[in-house]
file data37.cif (mmCIF, C-alpha atoms and all ligand atoms)
data_structure
#
loop_
_atom_site.label_atom_id
_atom_site.label_comp_id
_atom_site.auth_asym_id
_atom_site.auth_seq_id
_atom_site.Cartn_x
_atom_site.Cartn_y
_atom_site.Cartn_z
CA MET U 211 -14.85 -24.54 6.84
CA THR U 212 -14.51 -28.21 7.77
CA THR U 213 -13.91 -28.86 11.47
CA GLN U 214 -13.20 -31.90 13.65
CA ASN U 215 -13.61 -31.77 17.47
CA GLY U 216 -13.94 -27.99 17.25
CA LYS U 217 -10.67 -27.54 15.32
CA VAL U 218 -10.05 -26.82 11.64
CA ALA U 219 -9.50 -30.17 9.94
CA LYS U 220 -6.74 -30.19 7.34
CA LEU U 221 -8.36 -31.97 4.41
CA ASN U 222 -6.87 -32.63 1.06
CA LYS U 223 -9.18 -30.09 -0.54
CA GLY U 224 -6.81 -27.82 -2.49
CA SER U 225 -8.36 -24.41 -1.96
CA TRP U 226 -8.98 -24.80 1.80
CA ASP U 227 -5.38 -25.87 2.28
CA ILE U 228 -4.32 -22.79 0.37
CA ILE U 229 -6.46 -20.57 2.61
CA ILE U 230 -4.98 -22.18 5.73
CA ASP U 231 -1.49 -21.54 4.34
CA ILE U 232 -2.28 -17.91 3.53
CA HIS U 233 -3.35 -17.38 7.12
CA LYS U 234 -0.10 -18.92 8.41
CA PHE U 235 1.91 -16.81 5.96
CA ASN U 236 0.06 -13.65 7.08
CA GLU U 237 0.81 -14.40 10.70
CA GLU U 238 4.50 -14.98 9.97
CA TRP U 239 5.14 -11.80 7.99
CA ILE U 240 2.97 -9.55 10.17
CA LYS U 241 4.84 -10.84 13.26
CA GLU U 242 8.14 -9.87 11.59
CA CYS U 243 6.79 -6.41 10.79
CA VAL U 244 5.65 -5.97 14.39
CA ARG U 245 9.11 -7.06 15.57
CA VAL U 246 10.78 -4.17 13.73
CA LEU U 247 7.96 -1.62 14.15
CA SER U 248 8.82 1.24 16.51
CA ASP U 249 6.53 2.00 19.45
CA THR U 250 5.34 5.14 17.65
CA GLY U 251 4.96 3.51 14.23
CA THR U 252 1.86 2.18 12.47
CA LEU U 253 1.16 -0.75 10.16
CA TRP U 254 -0.86 -0.06 7.00
CA ILE U 255 -1.93 -3.32 5.32
CA SER U 256 -3.96 -3.25 2.14
CA GLY U 257 -5.65 -6.38 0.96
CA THR U 258 -8.23 -7.95 -1.25
CA LEU U 259 -11.55 -9.35 -0.11
CA HIS U 260 -10.01 -12.84 0.06
CA ASN U 261 -7.18 -11.83 2.36
CA HIS U 262 -8.27 -9.02 4.65
CA PRO U 263 -10.42 -11.13 7.04
CA SER U 264 -7.31 -13.19 7.77
CA VAL U 265 -5.23 -10.02 8.31
CA GLY U 266 -7.82 -8.70 10.76
CA VAL U 267 -7.74 -11.96 12.76
CA VAL U 268 -3.92 -11.86 12.90
CA LEU U 269 -3.89 -8.25 14.10
CA LYS U 270 -6.31 -9.15 16.90
CA LYS U 271 -4.35 -12.28 17.78
CA LEU U 272 -1.08 -10.33 18.03
CA GLY U 273 -2.75 -7.89 20.43
CA LEU U 274 -2.28 -4.82 18.22
CA TRP U 275 -4.41 -1.67 18.42
CA ILE U 276 -6.67 -1.65 15.40
CA LEU U 277 -7.00 2.05 14.62
CA ASN U 278 -8.88 2.19 11.34
CA ASP U 279 -10.15 0.32 8.37
CA VAL U 280 -9.60 2.70 5.46
CA ILE U 281 -11.85 2.02 2.49
CA TRP U 282 -10.16 3.09 -0.72
CA PHE U 283 -12.89 3.75 -3.30
CA LYS U 284 -11.86 3.77 -6.98
CA ARG U 285 -14.66 5.54 -8.86
CA ASN U 286 -12.97 4.70 -12.15
CA ALA U 287 -12.59 0.96 -11.33
CA THR U 288 -12.56 -1.33 -14.38
CA PRO U 289 -16.06 -2.66 -15.16
CA LEU U 290 -16.62 -6.37 -14.54
CA LEU U 291 -17.26 -8.52 -17.61
CA SER U 292 -19.19 -11.23 -15.75
CA THR U 293 -22.76 -10.47 -14.70
CA ASN U 294 -23.01 -12.68 -11.61
CA ARG U 295 -21.63 -10.26 -8.98
CA LEU U 296 -21.00 -6.59 -8.23
CA ALA U 297 -18.02 -4.86 -9.83
CA PRO U 298 -15.27 -4.51 -7.20
CA SER U 299 -14.30 -0.87 -6.71
CA THR U 300 -12.85 -0.78 -3.18
CA GLU U 301 -9.84 -2.03 -1.27
CA LEU U 302 -9.53 -2.20 2.47
CA ILE U 303 -6.49 -0.97 4.38
CA TRP U 304 -6.03 -2.07 8.00
CA VAL U 305 -4.27 0.48 10.21
CA ALA U 306 -2.80 -0.79 13.49
CA SER U 307 -0.15 0.06 16.07
CA LYS U 308 1.80 -1.58 18.88
CA THR U 309 1.12 1.09 21.48
CA LYS U 310 -1.27 3.97 22.09
CA LYS U 311 1.45 6.59 21.48
CA TYR U 312 1.61 6.05 17.73
CA PHE U 313 2.41 8.92 15.35
CA PHE U 314 -0.61 10.34 13.50
CA ASP U 315 -0.47 13.72 11.72
CA TYR U 316 -4.04 14.90 12.24
CA GLU U 317 -3.40 18.44 10.94
CA THR U 318 -1.85 17.27 7.67
CA ALA U 319 -4.75 14.85 7.15
CA LYS U 320 -7.12 17.78 7.63
CA LYS U 321 -5.16 19.94 5.15
CA LEU U 322 -5.30 17.14 2.58
CA ASN U 323 -9.07 17.07 3.06
CA GLY U 324 -9.67 20.76 2.35
CA GLY U 325 -9.54 21.83 6.04
CA LYS U 326 -12.10 19.26 7.27
CA GLN U 327 -11.46 16.24 9.50
CA MET U 328 -10.46 13.34 7.28
CA LYS U 329 -12.78 10.31 7.27
CA ASN U 330 -11.89 6.71 6.54
CA LEU U 331 -13.51 6.59 3.08
CA TRP U 332 -10.88 7.68 0.55
CA GLU U 333 -11.90 8.33 -3.02
CA ILE U 334 -8.76 8.03 -5.11
CA ASN U 335 -8.88 7.04 -8.76
CA ALA U 336 -6.83 4.14 -9.99
CA GLU U 337 -3.97 5.77 -11.92
CA ARG U 338 -2.40 4.80 -15.18
CA HIS U 339 0.39 2.28 -14.48
CA LYS U 340 3.94 3.51 -14.92
CA THR U 341 5.47 0.03 -15.05
CA LYS U 342 4.43 -3.42 -16.18
CA HIS U 343 3.69 -4.54 -12.60
CA PRO U 344 0.08 -5.81 -12.58
CA THR U 345 -0.94 -4.34 -9.21
CA GLU U 346 0.97 -1.07 -9.07
CA LYS U 347 -0.66 1.25 -6.50
CA PRO U 348 -1.41 4.93 -7.28
CA GLU U 349 1.24 7.27 -5.91
CA THR U 350 -1.55 9.51 -4.58
CA LEU U 351 -2.67 6.75 -2.20
CA LEU U 352 0.85 6.21 -0.84
CA GLU U 353 1.43 9.97 -0.55
CA ARG U 354 -1.61 10.27 1.67
CA ILE U 355 -0.58 7.35 3.87
CA LEU U 356 3.03 8.50 4.28
CA LEU U 357 2.06 12.12 4.96
CA ILE U 358 -0.35 11.07 7.72
CA ALA U 359 1.71 8.27 9.25
CA SER U 360 5.27 9.65 9.15
CA LYS U 361 7.54 12.69 9.27
CA GLU U 362 10.65 13.55 7.26
CA GLU U 363 13.58 11.28 8.24
CA HIS U 364 11.25 8.56 9.55
CA THR U 365 11.82 5.09 8.09
CA VAL U 366 9.15 3.34 6.03
CA LEU U 367 9.29 -0.40 5.32
CA ASP U 368 7.37 -2.16 2.55
CA PRO U 369 7.85 -5.97 2.67
CA PHE U 370 6.07 -6.47 -0.69
CA MET U 371 7.26 -3.48 -2.67
CA GLY U 372 6.36 -4.67 -6.19
CA SER U 373 7.18 -1.84 -8.60
CA GLY U 374 8.39 0.34 -5.71
CA THR U 375 5.55 2.88 -5.38
CA THR U 376 6.06 3.20 -1.59
CA GLY U 377 9.80 3.77 -2.10
CA VAL U 378 9.24 6.40 -4.80
CA VAL U 379 6.87 8.36 -2.56
CA ALA U 380 9.10 7.90 0.50
CA LYS U 381 12.05 9.41 -1.36
CA ARG U 382 9.89 12.25 -2.72
CA LEU U 383 8.70 13.08 0.82
CA LYS U 384 12.19 12.69 2.36
CA ARG U 385 11.49 9.53 4.34
CA ASN U 386 14.03 6.69 4.58
CA PHE U 387 12.92 3.51 2.84
CA ILE U 388 13.50 -0.25 3.14
CA GLY U 389 11.80 -2.52 0.61
CA TYR U 390 11.68 -6.26 -0.12
CA GLU U 391 10.64 -7.86 -3.39
CA ILE U 392 10.92 -11.56 -4.22
CA ASN U 393 10.66 -11.13 -8.01
CA LYS U 394 13.97 -10.04 -9.54
CA GLU U 395 12.37 -8.23 -12.45
CA TYR U 396 10.02 -6.20 -10.22
CA PHE U 397 12.96 -5.49 -7.91
CA GLU U 398 14.91 -3.99 -10.83
CA ILE U 399 11.90 -1.89 -11.87
CA ALA U 400 11.52 -0.60 -8.28
CA LYS U 401 15.24 0.18 -8.05
CA ALA U 402 15.14 2.14 -11.31
CA ARG U 403 11.99 4.04 -10.33
CA ILE U 404 13.29 4.97 -6.88
CA GLY U 405 16.68 5.85 -8.38
CA VAL U 406 15.29 8.57 -10.66
CA GLU U 407 12.91 10.09 -8.08
CA GLN U 408 13.87 13.46 -6.53
CA PRO U 409 12.92 14.76 -3.07
CA THR U 410 10.28 17.52 -3.14
CA LYS U 411 11.74 20.97 -2.44
CA LYS U 412 8.85 22.65 -0.60
CA LEU U 413 6.34 20.37 1.09
CA THR U 414 3.81 23.16 1.75
CA ASP U 415 3.48 23.92 -2.00
CA TYR U 416 3.30 20.24 -2.69
CA LEU U 417 0.44 19.74 -0.19
CA GLU U 418 -1.45 22.64 -1.75
CA ARG U 419 -1.16 21.14 -5.22
CA SER U 420 -2.08 17.64 -3.97
CA LYS U 421 -5.27 18.99 -2.42
CA ASN U 422 -6.53 20.58 -5.64
CA GLY U 423 -5.29 18.06 -8.15
CA HIS U 424 -2.52 19.22 -10.44
CA ASP U 425 -0.66 18.70 -13.65
CA LYS U 426 2.23 16.48 -12.87
CA GLN U 427 5.18 15.19 -14.83
CA LEU U 428 5.13 11.46 -14.29
CA THR U 429 8.31 9.52 -14.69
CA MET U 430 7.44 6.22 -16.31
CA VAL U 431 9.93 3.39 -16.18
CA MET U 432 9.79 1.28 -19.31
CA GLU U 433 11.79 -1.70 -20.48
CA LYS U 434 13.79 -1.10 -23.68
CA ASN U 435 16.19 -3.71 -25.04
CA GLY U 436 16.51 -5.38 -21.63
CA LYS U 437 17.20 -2.08 -19.78
CA TYR U 438 14.87 0.11 -17.75
CA VAL U 439 14.69 3.67 -19.05
CA LYS U 440 12.71 6.70 -17.89
CA THR U 441 10.27 8.70 -19.98
CA LYS U 442 8.23 11.74 -18.93
CA LYS U 443 4.48 12.10 -19.29
CA LYS U 444 2.20 14.98 -18.25
CA VAL U 445 -1.05 13.91 -16.58
CA LEU U 446 -3.68 15.47 -14.31
CA VAL U 447 -3.50 13.99 -10.84
CA LYS U 448 -6.55 14.47 -8.60
C1 LIG U 501 0.50 -6.42 -4.49
S1 LIG U 501 2.13 -6.42 -5.07
C2 LIG U 501 2.75 -4.88 -4.49
C3 LIG U 501 2.52 -3.77 -5.44
C4 LIG U 501 3.17 -2.47 -4.99
N1 LIG U 501 2.45 -1.86 -3.89
C5 LIG U 501 3.29 -1.52 -6.17
O1 LIG U 501 2.76 -0.39 -6.09
O2 LIG U 501 3.86 -1.90 -7.19
C6 LIG U 501 2.90 -7.59 -4.02
C7 LIG U 501 4.34 -7.90 -4.38
O3 LIG U 501 4.87 -8.77 -3.36
C8 LIG U 501 5.82 -9.64 -3.95
N2 LIG U 501 5.99 -10.79 -3.05
C9 LIG U 501 5.19 -11.88 -2.90
N3 LIG U 501 5.69 -12.68 -1.94
C10 LIG U 501 6.82 -12.10 -1.47
C11 LIG U 501 7.76 -12.44 -0.46
N4 LIG U 501 7.65 -13.55 0.24
N5 LIG U 501 8.78 -11.59 -0.22
C12 LIG U 501 8.91 -10.44 -0.92
N6 LIG U 501 8.06 -10.06 -1.90
C13 LIG U 501 7.02 -10.87 -2.17
C14 LIG U 501 5.20 -9.97 -5.32
O4 LIG U 501 6.18 -10.39 -6.24
C15 LIG U 501 4.52 -8.64 -5.70
O5 LIG U 501 5.36 -7.88 -6.56
#
call {"tool": "encode", "arguments": {"input": "data37.cif", "output": "structure tokens", "more": "lines below"}}
Ligand SMILES: C[S@@+](CC[C@H](N)C(=O)[O-])C[C@H]1O[C@@H](n2cnc3c(N)ncnc32)[C@H](O)[C@@H]1O
result
Amino acid sequence: MTTQNGKVAKLNKGSWDIIIDIHKFNEEWIKECVRVLSDTGTLWISGTLHNHPSVGVVLKKLGLWILNDVIWFKRNATPLLSTNRLAPSTELIWVASKTKKYFFDYETAKKLNGGKQMKNLWEINAERHKTKHPTEKPETLLERILLIASKEEHTVLDPFMGSGTTGVVAKRLKRNFIGYEINKEYFEIAKARIGVEQPTKKLTDYLERSKNGHDKQLTMVMEKNGKYVKTKKKVLVK
């Protein structure tokens, strides 16, 4: 990074300016999240290699408790066509809180991990996308996060909801949900997906099935003649 008198110099060098802006943007939105976060709540921020160092710096700067860095490992990650670097197969999720009395469901985490203490390396396969959103997250990943970090009737906020995966899982697990999405088309997809989701009847059965992997009817939301319609598909979810 270019510096002048010990400070970052703002040069007209496209990409550096973009990086400086991303850092400013991260600080602004994370500050807003912290403003509305309850004292017992936690922030879960997933990011790519190019963004998560900046997120870590912001979390430190805002004086938050950094609780974990969860490494999400996708064994079935898409192979890389170029031969000049390693194929990316992980994402990092920062976990932080405002206070030391944050909510963390240790026992549920243990149940989800076959009765053993859960570690911070999570192997969860990338799932088949249910919408046309390019970076739709697997529902299994969000289920795990919401089950560990919240209880029924708690409120979950996703400021970048994309196709609405967090909202779908929140409704399924009987959490309240607030989501923001800047892209109108993605917003409509998220609204349709969340709209057709049903709350799970018995959470204990659900946890048991989640642990072992199970056949699951997936509701896919597809565009047809300008409208979003639901179709059902049976897949094995691990
Ligand atoms: C990585 S995607 C989220 C994917 C989501 N987790 C899912 O499963 O579909 C990030 C989303 O944030 C949206 N976004 C970007 N900037 C935004 C902003 N300033 N306010 C709200 N949404 C924004 C993008 O349009 C994109 O859909």
call {"tool": "closest_atom_pairs", "arguments": {"input": "data37.cif", "of": "chain U", "to": "ligand LIG 501 (chain U)", "cutoff": "7 Å", "atoms": "only C-alpha atoms and all ligand atoms", "output": "CSV"}}
result
residue,atom,partner,partner_atom,distance
U:His343,CA,U:LIG501,O2,6.0
U:Thr345,CA,U:LIG501,C3,5.1
U:Glu346,CA,U:LIG501,O1,3.5
U:Lys347,CA,U:LIG501,O1,3.8
U:Pro348,CA,U:LIG501,O1,6.9
U:Pro369,CA,U:LIG501,C12,5.8
U:Phe370,CA,U:LIG501,O3,3.7
U:Met371,CA,U:LIG501,C4,4.8
U:Gly372,CA,U:LIG501,O5,3.4
U:Ser373,CA,U:LIG501,O2,3.6
U:Gly374,CA,U:LIG501,O2,5.3
U:Thr375,CA,U:LIG501,O1,4.4
U:Thr376,CA,U:LIG501,N1,6.6
U:Tyr390,CA,U:LIG501,C12,5.1
U:Glu391,CA,U:LIG501,N6,3.7
U:Ile392,CA,U:LIG501,N6,4.0
U:Asn393,CA,U:LIG501,O4,4.9
U:Tyr396,CA,U:LIG501,O5,6.2
call {"tool": "atom_distance", "arguments": {"input": "data37.cif", "atom1": "atom CA of U:Leu272", "atom2": "atom CA of U:Val305"}}
result
13.7 Å
call {"tool": "atom_distance", "arguments": {"input": "data37.cif", "atom1": "atom CA of U:Leu367", "atom2": "atom CA of U:Val265"}}
result
17.7 Å
call {"tool": "closest_residue", "arguments": {"input": "data37.cif", "among": "U:Asp279, U:Leu357, U:Leu259, U:Asn286", "to": "U:Glu317", "atoms": "only C-alpha atoms"}}
result
U:Leu357
call {"tool": "atom_distance", "arguments": {"input": "data37.cif", "atom1": "atom CA of U:Glu333", "atom2": "atom CA of U:Ile281"}}
result
8.4 Å
call {"tool": "closest_residue", "arguments": {"input": "data37.cif", "among": "U:Lys311, U:Ile303, U:Lys361, U:Val280", "to": "U:Asn330", "atoms": "all atoms listed in the file"}}
result
U:Val280
call {"tool": "closest_residue", "arguments": {"input": "data37.cif", "among": "U:Val378, U:Ile232, U:Ala306, U:Leu383", "to": "U:Ile255", "atoms": "only C-alpha atoms"}}
result
U:Ala306
call {"tool": "axis_aligned_box", "arguments": {"input": "data37.cif", "around": "stretch 298-306 of chain U", "padding_each_side": "6 Å", "output": "JSON"}}
result
{"center_x": -9.0, "center_y": -2.0, "center_z": 3.1, "size_x": 24.5, "size_y": 17.0, "size_z": 32.7}
call {"tool": "closest_residue", "arguments": {"input": "data37.cif", "among": "U:Asn278, U:Asp368, U:Gly325, U:Pro263", "to": "U:Glu242", "atoms": "all atoms listed in the file"}}
result
U:Asp368
call {"tool": "residues_around", "arguments": {"input": "data37.cif", "residues": "stretch 287-294 of chain U", "least_positions_apart": "2", "cutoff": "12 Å", "atoms": "all atoms listed in the file", "output": "list in words"}}
result
Trp282, Phe283, Lys284, Arg285, Leu296, Ala297, Pro298, Ser299, Thr300, Glu301, Glu333, Ile334, Asn335, Ala336, Glu337 and Arg338 of chain U
call {"tool": "closest_residue", "arguments": {"input": "data37.cif", "among": "U:Ile355, U:Val268, U:Leu413, U:Val244", "to": "U:Thr309", "atoms": "all atoms listed in the file"}}
result
U:Val244
call {"tool": "residues_near_point", "arguments": {"input": "data37.cif", "point": "(8.0, 3.7, 14.1)", "cutoff": "9 Å", "atoms": "all atoms listed in the file", "output": "ChimeraX atom specification"}}
result
/U:246-252,312-313,360,364-366
call {"tool": "write_last_selection", "arguments": {"input": "data37.cif", "atoms": "C-alpha atoms", "output": "PDB file, keeping the file's coordinate frame"}}
result
ATOM      1  CA  VAL U 246      10.780  -4.170  13.730  1.00  0.00           C
ATOM      2  CA  LEU U 247       7.960  -1.620  14.150  1.00  0.00           C
ATOM      3  CA  SER U 248       8.820   1.240  16.510  1.00  0.00           C
ATOM      4  CA  ASP U 249       6.530   2.000  19.450  1.00  0.00           C
ATOM      5  CA  THR U 250       5.340   5.140  17.650  1.00  0.00           C
ATOM      6  CA  GLY U 251       4.960   3.510  14.230  1.00  0.00           C
ATOM      7  CA  THR U 252       1.860   2.180  12.470  1.00  0.00           C
ATOM      8  CA  TYR U 312       1.610   6.050  17.730  1.00  0.00           C
ATOM      9  CA  PHE U 313       2.410   8.920  15.350  1.00  0.00           C
ATOM     10  CA  SER U 360       5.270   9.650   9.150  1.00  0.00           C
ATOM     11  CA  HIS U 364      11.250   8.560   9.550  1.00  0.00           C
ATOM     12  CA  THR U 365      11.820   5.090   8.090  1.00  0.00           C
ATOM     13  CA  VAL U 366       9.150   3.340   6.030  1.00  0.00           C
TER      14      VAL U 366
END
